[in-house]
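Colleague: Before anything else, here's the structure in question.
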Amino acid sequence: MDKRKTFWQLIDAGEPYRLLFPLGTLLGIIGVMLWPAHVWLALAWPSEPHAGIMLQGFLSAFIIGFLGTALPRLLEVSQMRLAETALYAASLVVVCGLHLLEFTEAAHAAFLLLLLGFIGSLLHRTRQRKDIPPPGFILVAMGMLCGLFGSALLLLDGVLNNGLTVEWYLFARRLLHQGFLLLPIMGVGAFLLPRFFNLPNAQLFPESLTPPPGWLRKAAFAAACGVAVCLSFVFEVVGWSRTAFLLRAFAIVIYAIVEIPVHQARFSGGTLALSLRVALLSLPIGYLLMAILPQWQMALIHIVFITGFSLLTFTVATRVVLGHSGQEHLFNSRVLSIFFMSLLFVLAMLTRVTADWMPEIRMSHYAYASICWVVAALVWLFKIGPGLRLSSDDS
Ligand code: HEM
């Protein structure tokens with residue numbers, strides 16, 4: 001008798017990423033396609049829906065899919081079931097629908113409910129935990145708080161009819177658009193990324209319900225780096241832009257050097273490790289360039305968004321999919337589709353960033369950059385996506 005689990009049974013067995021990763025990809029495609037729609041179909045300037053869908057749709061779907069799969073396993077608690085995953089998926093669609101219709105306050109309110117529900121569900125599970133999370137996960141908690149606080153402030157601004165001061169409004173945007181993803185990337189990265197480079201994992205501690213020796217020191221260091229990133233948002237909104245961007249780059253680099261000594265990794269030749277290097281380098285490089293040219297920050301932040309957040313998201317997602325579908329042999333191999341995808345993200349980033357320097361062709365370059373991003377995402381969906389239906393038992 002065929003005992004293979006169906007796609008829905010696999011999701012029900014604690015693997016929400018199988019539904020949320022492809023959904024996130026589709027939401028991301030919608031979020032960037034708003035630019036070609038503006039340029040070629042004369043739709044309204046899509047600044048708000050674009051930012052909202054990319055953060056509260058695309059990236060949130062991957063965050064929830066990843067943490068919803070990994071955290072219950074790490075803590076050895078009950079796994080996420082299909083109904084809960086379907087609820088998150090439906091909520092993400094609602095949030096993005098509201099952004100598309102420019103019901104921005106309603107979108108922030110729906111996102112707040114979604115995030116509160118997800119955090120509440122994780123906290124509820126931690127009561128049965130048999131292990132303590134890795135110390136770097138304090139940054140995941142701080143990132144979640146950035147998402148909550150940023151969305152709540154933006155909601156308040158809308159409800160009060162632009163009632164926040166410019167400084168509070170900017171602070172809210174920085175928390176949601178950068179802190180919400182940057183801090184979890186640092187925290188999860190310290191635990192996950194050494195595996196990509198075959199490096200020892202400094203975040204692994206013996207199973208214990210209370211902090212084992214050395215755990216608190218590492219958690220305090222992670223928290224200090226997280227506070228530095230949040231402080232850099234304060235510096236930015238009070239006008240000390242250069243100091244702010246330098247501090248942000250410094251906090252990322254110091255944390256990475258201490259926790260993920262990528263500089264010690266030997267070049268394995270694997271495409272995933274190569275993509276990851278490009279993505280990890282894009283974060284400090286983006287902020288350093290913003291410190292040098294603060295007047296071009298809206299263009300340069302797309303180094304962080306495209307070759308940083310987007311490439312990192314799809315690279316980590318690839319590792320998750322390959323690892324759960326019996327394709328581990330590809331971890332350190334050359335994977336042409338991932339190479340091609342990474343190249344397209346680099347091209348999208350260069351086209352988006354340079355567009356702002358060329359006023360006559362700026363708009364058409366926004367559209368071309370978006371098309372490159374979409375093709376990269378489709379390469380992932382069609383080449384890696386089929387693994388979402390496979391389990392390790394199928395191989
Ligand atoms: C690839 C094609 C892309 C294009 C052409 C593009 C274009 C733009 C433009 C023109 C703005 C400025 C809007 C304004 O000033 O009114 C902007 C803002 C923004 N974009 Fe993109 N973008 C792209 C990709 C992305 C990606 C992949 C992400 C996220 C992963 C992203 C996230 C954002 C966010 C959050 C903002 C608002 C930033 C802030 O004010 O805090 N963008 N984008």
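Starting from 1 in every chain, residues are counted up; chains themselves are A, B, ... following the order of the structure tokens, and ligands are numbered from 1 as listed.
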For A:Val316, work out the shell of residues within 12 Å, counting only C-alpha atoms and skipping chain neighbours fewer than 2 positions away, then give it as JSON, numbers by chain.

Modeller: {"A": [17, 21, 62, 63, 65, 66, 67, 185, 188, 189, 192, 193, 195, 196, 272, 273, 275, 276, 277, 279, 280, 308, 309, 310, 311, 312, 313, 314, 318, 319, 320, 321, 322, 323, 331, 338, 380, 384]}

Colleague: Could you build a table of the residues in chain A lying no more than 6 Å from ligand 1, giving for each the nearest pair of atoms and their separation in Å rounded to one decimal place, using only C-alpha atoms and all ligand atoms, ordered by chain and ascending residue number, as a Markdown table?

Modeller:
| residue | atom | partner | partner_atom_place_in_ligand_line | distance |
| --- | --- | --- | --- | --- |
| A:Val32 | CA | ligand 1 | 2 (C) | 5.5 |
| A:Trp35 | CA | ligand 1 | 5 (C) | 5.9 |
| A:Ser47 | CA | ligand 1 | 13 (C) | 4.4 |
| A:Ala51 | CA | ligand 1 | 34 (C) | 4.0 |
| A:Met54 | CA | ligand 1 | 29 (C) | 4.9 |
| A:Arg173 | CA | ligand 1 | 41 (O) | 5.2 |
| A:Arg174 | CA | ligand 1 | 41 (O) | 5.8 |
| A:His177 | CA | ligand 1 | 35 (C) | 4.9 |
| A:Phe305 | CA | ligand 1 | 30 (C) | 4.4 |
| A:Ile306 | CA | ligand 1 | 27 (C) | 4.6 |
| A:Phe309 | CA | ligand 1 | 30 (C) | 5.9 |
| A:Ser310 | CA | ligand 1 | 30 (C) | 5.4 |
| A:Ala348 | CA | ligand 1 | 1 (C) | 5.4 |
| A:Arg352 | CA | ligand 1 | 5 (C) | 5.2 |
| A:Tyr366 | CA | ligand 1 | 5 (C) | 3.7 |
| A:Ala367 | CA | ligand 1 | 5 (C) | 5.9 |
| A:Ala369 | CA | ligand 1 | 2 (C) | 4.7 |
| A:Ser370 | CA | ligand 1 | 2 (C) | 3.8 |
| A:Trp373 | CA | ligand 1 | 1 (C) | 5.1 |

Colleague: Kindly indicate which residue among A:Val278, A:Leu156, A:Ile285, A:Ala291 lies nearest to A:Ser232, using only C-alpha atoms for the distances.

Modeller: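 Looking only at the distances to A:Ser232, the closest residue turns out to be A:Ala291.
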
Colleague: Rounded to one decimal place, report the atom CA of A:Leu153-atom CA of A:Arg248 distance in Å.

Modeller: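 Computing it gives 21.9 Å between the two atoms.
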
Colleague: Within 9 Å of stretch 87-92 of chain A, which residues of stretch 106-214 of chain A show up? Give each one with its shortest atom-to-atom distance in Å (one decimal) and the two atoms involved, counting only C-alpha atoms, rows by chain then rising residue number, as CSV.

Modeller:
residue,atom,partner,partner_atom,distance
A:Ala110,CA,A:Ser91,CA,7.3
A:Phe111,CA,A:Leu92,CA,7.6
A:Leu113,CA,A:Ser91,CA,8.9
A:Leu114,CA,A:Ser91,CA,6.5
A:Gly117,CA,A:Tyr88,CA,8.8
A:Phe118,CA,A:Tyr88,CA,8.0

Colleague: Between A:Leu123, A:Ala141, A:Val159, A:Ile252, which one has atoms that come closest to A:Phe103, using only C-alpha atoms?

Modeller: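 Of all the options, A:Val159 lies closest to A:Phe103.
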
Colleague: So which one's closest to A:Ala251, A:Ala190, A:Leu204, A:Leu183, A:Ala355? Using only C-alpha atoms, please.

Modeller: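 Closest candidate: A:Leu183.
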
Colleague: Between atom CA of A:Val258 and atom CA of A:Arg129, what is the spacing in Å?

Modeller: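 If I compute the distance from atom CA of A:Arg129 to atom CA of A:Val258, I get 27.9 Å.
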
Colleague: Have a look at A:Pro206, A:Gly239, A:Pro212, A:Gly52 and name the one nearest to A:Ser151; count only C-alpha atoms.

Modeller: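 The closest residue to A:Ser151 is A:Gly52.
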
Colleague: At a cut-off of 8 Å, using only C-alpha atoms, what residues contact A:Leu139? Leave out same-chain residues fewer than 3 positions from it and give the result as a VMD selection string.

Modeller: chain A and resid 136 142 to 143 183 to 184 186 to 187 222 to 223 226

Colleague: Have a look at A:Pro49, A:Leu101, A:Ile371, A:Leu182 and name the one nearest to A:Pro36; count only C-alpha atoms.

Modeller: A:Ile371

Colleague: Enumerate the residues of stretch 328-387 of chain A with a DSSP assignment of alpha helix (DSSP H), computed from the backbone, and present them as a compact mmCIF listing (two decimals) with N, CA and C atoms, in the first residue's frame.

Modeller:
# COMPACT_ATOMS: atom_id res chain seq x y z
N LEU A 336 22.54 24.92 -10.84
CA LEU A 336 22.48 25.94 -11.88
C LEU A 336 21.32 26.92 -11.65
N SER A 337 20.15 26.36 -11.24
CA SER A 337 18.98 27.24 -11.09
C SER A 337 19.22 28.28 -9.99
N ILE A 338 19.91 27.87 -8.90
CA ILE A 338 20.16 28.81 -7.80
C ILE A 338 21.20 29.86 -8.24
N PHE A 339 22.15 29.41 -9.05
CA PHE A 339 23.14 30.35 -9.57
C PHE A 339 22.44 31.40 -10.45
N PHE A 340 21.57 30.93 -11.32
CA PHE A 340 20.84 31.81 -12.25
C PHE A 340 19.93 32.76 -11.45
N MET A 341 19.25 32.21 -10.41
CA MET A 341 18.37 33.03 -9.58
C MET A 341 19.17 34.15 -8.90
N SER A 342 20.33 33.78 -8.34
CA SER A 342 21.14 34.77 -7.62
C SER A 342 21.60 35.87 -8.58
N LEU A 343 21.99 35.44 -9.79
CA LEU A 343 22.45 36.41 -10.79
C LEU A 343 21.33 37.40 -11.12
N LEU A 344 20.10 36.89 -11.24
CA LEU A 344 18.97 37.76 -11.56
C LEU A 344 18.68 38.73 -10.41
N PHE A 345 18.85 38.27 -9.16
CA PHE A 345 18.65 39.19 -8.04
C PHE A 345 19.71 40.30 -8.05
N VAL A 346 20.96 39.91 -8.41
CA VAL A 346 22.02 40.93 -8.48
C VAL A 346 21.67 41.95 -9.57
N LEU A 347 21.19 41.44 -10.72
CA LEU A 347 20.82 42.33 -11.83
C LEU A 347 19.65 43.24 -11.43
N ALA A 348 18.67 42.66 -10.72
CA ALA A 348 17.51 43.45 -10.27
C ALA A 348 17.98 44.55 -9.33
N MET A 349 18.89 44.19 -8.42
CA MET A 349 19.38 45.18 -7.45
C MET A 349 20.12 46.31 -8.17
N LEU A 350 21.03 45.93 -9.11
CA LEU A 350 21.81 46.97 -9.79
C LEU A 350 20.88 47.88 -10.60
N THR A 351 19.87 47.30 -11.23
CA THR A 351 18.95 48.10 -12.05
C THR A 351 18.13 49.03 -11.15
N ARG A 352 17.62 48.50 -10.03
CA ARG A 352 16.81 49.33 -9.11
C ARG A 352 17.64 50.46 -8.51
N VAL A 353 18.88 50.10 -8.05
CA VAL A 353 19.68 51.09 -7.33
C VAL A 353 20.14 52.20 -8.28
N THR A 354 20.59 51.83 -9.48
CA THR A 354 21.14 52.85 -10.38
C THR A 354 20.04 53.70 -11.01
N ALA A 355 18.79 53.19 -11.02
CA ALA A 355 17.69 53.92 -11.68
C ALA A 355 17.57 55.35 -11.15
N ARG A 362 14.44 56.53 -15.30
CA ARG A 362 14.23 55.97 -13.95
C ARG A 362 13.03 55.02 -13.92
N MET A 363 11.91 55.48 -14.49
CA MET A 363 10.68 54.70 -14.38
C MET A 363 10.78 53.35 -15.11
N SER A 364 11.32 53.41 -16.36
CA SER A 364 11.40 52.14 -17.10
C SER A 364 12.35 51.19 -16.38
N HIS A 365 13.41 51.74 -15.70
CA HIS A 365 14.33 50.86 -14.98
C HIS A 365 13.68 50.25 -13.73
N TYR A 366 12.75 50.97 -13.12
CA TYR A 366 11.99 50.34 -12.02
C TYR A 366 11.27 49.10 -12.57
N ALA A 367 10.68 49.28 -13.74
CA ALA A 367 9.93 48.16 -14.33
C ALA A 367 10.87 46.99 -14.67
N TYR A 368 12.04 47.29 -15.29
CA TYR A 368 12.96 46.20 -15.66
C TYR A 368 13.49 45.49 -14.40
N ALA A 369 13.79 46.30 -13.36
CA ALA A 369 14.29 45.69 -12.11
C ALA A 369 13.23 44.73 -11.56
N SER A 370 11.99 45.16 -11.62
CA SER A 370 10.91 44.32 -11.09
C SER A 370 10.80 43.02 -11.88
N ILE A 371 10.92 43.14 -13.22
CA ILE A 371 10.81 41.93 -14.05
C ILE A 371 11.93 40.95 -13.69
N CYS A 372 13.16 41.49 -13.50
CA CYS A 372 14.29 40.60 -13.12
C CYS A 372 13.98 39.90 -11.80
N TRP A 373 13.44 40.66 -10.83
CA TRP A 373 13.14 40.07 -9.51
C TRP A 373 12.10 38.96 -9.68
N VAL A 374 11.09 39.25 -10.49
CA VAL A 374 10.00 38.28 -10.67
C VAL A 374 10.52 37.01 -11.36
N VAL A 375 11.39 37.18 -12.37
CA VAL A 375 11.92 35.98 -13.06
C VAL A 375 12.75 35.17 -12.07
N ALA A 376 13.54 35.86 -11.22
CA ALA A 376 14.34 35.13 -10.21
C ALA A 376 13.41 34.33 -9.29
N ALA A 377 12.33 34.96 -8.84
CA ALA A 377 11.40 34.28 -7.93
C ALA A 377 10.73 33.09 -8.64
N LEU A 378 10.42 33.27 -9.94
CA LEU A 378 9.78 32.18 -10.69
C LEU A 378 10.76 31.02 -10.90
N VAL A 379 12.05 31.34 -11.10
CA VAL A 379 13.06 30.28 -11.24
C VAL A 379 13.02 29.44 -9.97
N TRP A 380 12.98 30.12 -8.81
CA TRP A 380 12.94 29.38 -7.54
C TRP A 380 11.67 28.52 -7.47
N LEU A 381 10.55 29.13 -7.81
CA LEU A 381 9.26 28.43 -7.68
C LEU A 381 9.21 27.18 -8.56
N PHE A 382 9.72 27.31 -9.81
CA PHE A 382 9.59 26.17 -10.73
C PHE A 382 10.71 25.15 -10.57
N LYS A 383 11.91 25.58 -10.13
CA LYS A 383 13.00 24.62 -10.03
C LYS A 383 13.11 24.01 -8.64

Colleague: Closest to A:Gly14 among A:Ala106, A:Met298, A:Ile361, A:Ala83, using only C-alpha atoms?

Modeller: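 Smallest distance to A:Gly14 is found for A:Ala83.
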
Colleague: Which value, in Å to one decimal, gives the distance between atom CA of A:Glu236 and atom CA of A:Gly150?

Modeller: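 Distance reported for this atom pair: 15.2 Å.
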